[in-house]
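Undergrad: Questions regarding the structure given below will be posed in turn.
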Amino acid sequence: MSSKKRVLVAETLEQAGVDLLRDHFDVDVRERTDEQTLAQIVGDYDALMIKTYTRVSRQVIDNAAKLKIVARAGSGLDKVDLAYAKEKGLTVRNTPQANVVSVAELVFGLMLAVSRKLAAADRYVRSGEGWDRDRFTGVELAGKTLGIVGFGNIGKLVAKRALAFDMQVVGYDPFVDAAGMAEHGVRKVETVDDVIDAADYITVHVPLLDSTRGLFSTAQFARMKRNAIFINTARGEVVDEPALIAALKAGEIAGAGLDVYEAEPPNHPELLTLDNVVLCPHIGAATREALNRMTVQAAEMIIEALKG
């Protein structure tokens, strides 16, 4: 029997990271592993790599007698019971830098798609209904103000791209001072309401915490400009989805671009019927480059943890 340490890759991941692990360990790869199955088999492994679907619950951690590290190929750790892992001395790592370019680029994809009605225009041409270009008159990004809520790694890259589009940028983040934002060409404001008051476009880049859950709800949407376009590629629960739907239906805001939802797939059918919203299936990190970086970085963390 092999004396190598064992690693479980609990769902389908890019081959580059898997191959890197196999240079050092015995590696088992599963297409997808539900929580009950993981709890039954996790005791055989020294390390666990996850990405999107795998839930590392209290039960899984209790059964992980040999486990030294859980490495997530991605940024969010909401599917891991972090408090219990810490209590049990289990290391949990993620790869927050790996997907920042991909998410920042998607923000602009959504901004352009909503502003220029690209999804509706595509459906119209495919339908063969006619050639009424006037119905797809849009707006330019140039000269508009972008408001960024959450000025971390992704927020900084979004700001850089906004400046290249000749936009003005304001930002809110309680952990970044005015000088820190000014270095990136951004004017710091003191509250989310200040962002709302200034911005034609608003993009959210905050983690899901008790303080950010429902950060955008009825009062915030009512305060926005009627031409405002709202973008969310962060976490769905940051937004009160029924409040957003109501604002879009009432014309309180001009449109929205969403990559994340309160429930995935979305469980508000009305959202799917709106013409002034562009919807993506949580693809912010879904580029070949980002997926490879995430998997390789997660593999490197496992190698470091198990080889010391």
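Ligands are numbered from 1 in the order shown, residues from 1 within each chain, and chains are lettered A, B, ... in the order they appear in the structure tokens.
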For the structure I just gave you, how does DSSP split stretch 139-272 of chain A - specifically, which residues are strand (DSSP E or B)? Reply as a PyMOL selection string.
TA: chain A and resi 145-149+168-172+187-188+201-204+216+229-232+239+255-258
Undergrad: I'd like the contact shell of A:Ile283 - 12 Å cut-off, only C-alpha atoms, skipping same-chain residues fewer than 6 positions apart - returned as a VMD selection string.
TA: chain A and resid 52 74 99 102 to 107 109 to 110 232 to 234 258 to 261 264 290 to 291
Undergrad: May I have all residues of stretch 25-110 of chain A that DSSP, computed from the backbone, assigns to alpha helix (DSSP H), given as a list in words?
TA: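 Checking each residue of stretch 25-110 of chain A, the alpha helix (DSSP H) ones are Glu35, Gln36, Thr37, Leu38, Ala39, Gln40, Ile41, Arg58, Gln59, Val60, Ile61, Asp62, Leu82, Ala83, Tyr84, Ala85, Lys86, Glu87, Val100, Val101, Ser102, Val103, Ala104, Glu105, Leu106, Val107, Phe108, Gly109 and Leu110 of chain A.
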Undergrad: For stretch 176-186 of chain A, find every residue with an atom within 7 Å (counting only C-alpha atoms), except residues of its own chain fewer than 3 positions away, and show them as a list in words.
TA: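 Contacts, with the query itself left out: Lys156, Lys160, Val169, Val170, Gly171 and Asp173 of chain A.
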Undergrad: Return as a Markdown table the residues of stretch 124-168 of chain A lying at most 6 Å from stretch 198-214 of chain A, together with the closest atom-to-atom pair for each and the distance in Å to one decimal, counting only C-alpha atoms, with rows in chain order and ascending residue number.
TA:
```
| residue | atom | partner | partner_atom | distance |
| --- | --- | --- | --- | --- |
| A:Thr145 | CA | A:Ala199 | CA | 4.9 |
| A:Leu146 | CA | A:Tyr201 | CA | 4.7 |
| A:Gly147 | CA | A:Ile202 | CA | 4.7 |
| A:Ile148 | CA | A:Thr203 | CA | 5.2 |
| A:Val149 | CA | A:Val204 | CA | 4.9 |
| A:Gly150 | CA | A:His205 | CA | 4.7 |
```
Undergrad: Save the residues we just selected, C-alpha atoms, as a PDB file, in the first residue's frame?
TA:
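Listed below is the output, selection.pdb:
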```pdb
ATOM      1  CA  THR A 145     -20.057  58.137 -12.487  1.00  0.00           C
ATOM      2  CA  LEU A 146     -19.383  54.635 -11.224  1.00  0.00           C
ATOM      3  CA  GLY A 147     -19.914  53.954  -7.526  1.00  0.00           C
ATOM      4  CA  ILE A 148     -17.971  51.045  -6.032  1.00  0.00           C
ATOM      5  CA  VAL A 149     -19.152  49.596  -2.719  1.00  0.00           C
ATOM      6  CA  GLY A 150     -16.266  47.561  -1.320  1.00  0.00           C
TER       7      GLY A 150
END
```
Undergrad: Neighbours of A:Leu67 within 8 Å (only C-alpha atoms; same-chain residues fewer than 6 positions away dropped), as a PyMOL selection string?
TA: chain A and resi 42-43+45-48+90
Undergrad: Deliver the residues from the most recent selection as a file, using N, CA, C and O atoms, as a compact mmCIF listing (two decimals), in the first residue's frame.
TA:
```
# COMPACT_ATOMS: atom_id res chain seq x y z
N VAL A 42 -14.34 11.12 4.22
CA VAL A 42 -13.30 12.13 4.46
C VAL A 42 -12.22 11.65 5.44
O VAL A 42 -11.08 12.11 5.38
N GLY A 43 -12.56 10.70 6.29
CA GLY A 43 -11.60 10.20 7.26
C GLY A 43 -10.38 9.53 6.67
O GLY A 43 -9.36 9.35 7.35
N TYR A 45 -8.55 10.80 4.26
CA TYR A 45 -7.75 11.76 3.51
C TYR A 45 -7.01 12.75 4.41
O TYR A 45 -7.48 13.11 5.49
N ASP A 46 -5.85 13.18 3.91
CA ASP A 46 -5.03 14.16 4.61
C ASP A 46 -5.34 15.59 4.17
O ASP A 46 -5.02 16.55 4.89
N ALA A 47 -5.92 15.75 3.00
CA ALA A 47 -6.25 17.08 2.49
C ALA A 47 -7.47 16.99 1.59
O ALA A 47 -7.75 15.94 0.99
N LEU A 48 -8.18 18.10 1.50
CA LEU A 48 -9.42 18.16 0.72
C LEU A 48 -9.39 19.42 -0.13
O LEU A 48 -9.13 20.52 0.37
N LEU A 90 -8.38 22.89 12.18
CA LEU A 90 -8.30 22.52 10.77
C LEU A 90 -8.01 23.78 9.94
O LEU A 90 -8.75 24.77 10.00
```
Undergrad: Could you pull the residues within 12 Å of A:Leu271, counting only C-alpha atoms, minus those fewer than 6 positions along the same chain, as a PyMOL selection string?
TA: chain A and resi 241-249+255-258+261-262+265+277-279
Undergrad: Which of these residues is nearest to A:Ala119, using only C-alpha atoms: A:Tyr84, A:Phe151, A:Trp131, A:Phe136?
TA: A:Phe136
Undergrad: Report, in Å with one decimal, the straight-line distance from atom CA of A:Met167 to atom CA of A:Ala121.
TA: 24.7 Å
Undergrad: What's around A:Ala39 at 9 Å? Count only C-alpha atoms, leave out sequence neighbours fewer than 4 positions away in its own chain, and write the answer as a list in words.
TA: Asp34, Glu35, Gly43, Val56, Ser57, Gln59, Val60, Ile61, Asp62, Asn63 and Ala64 of chain A
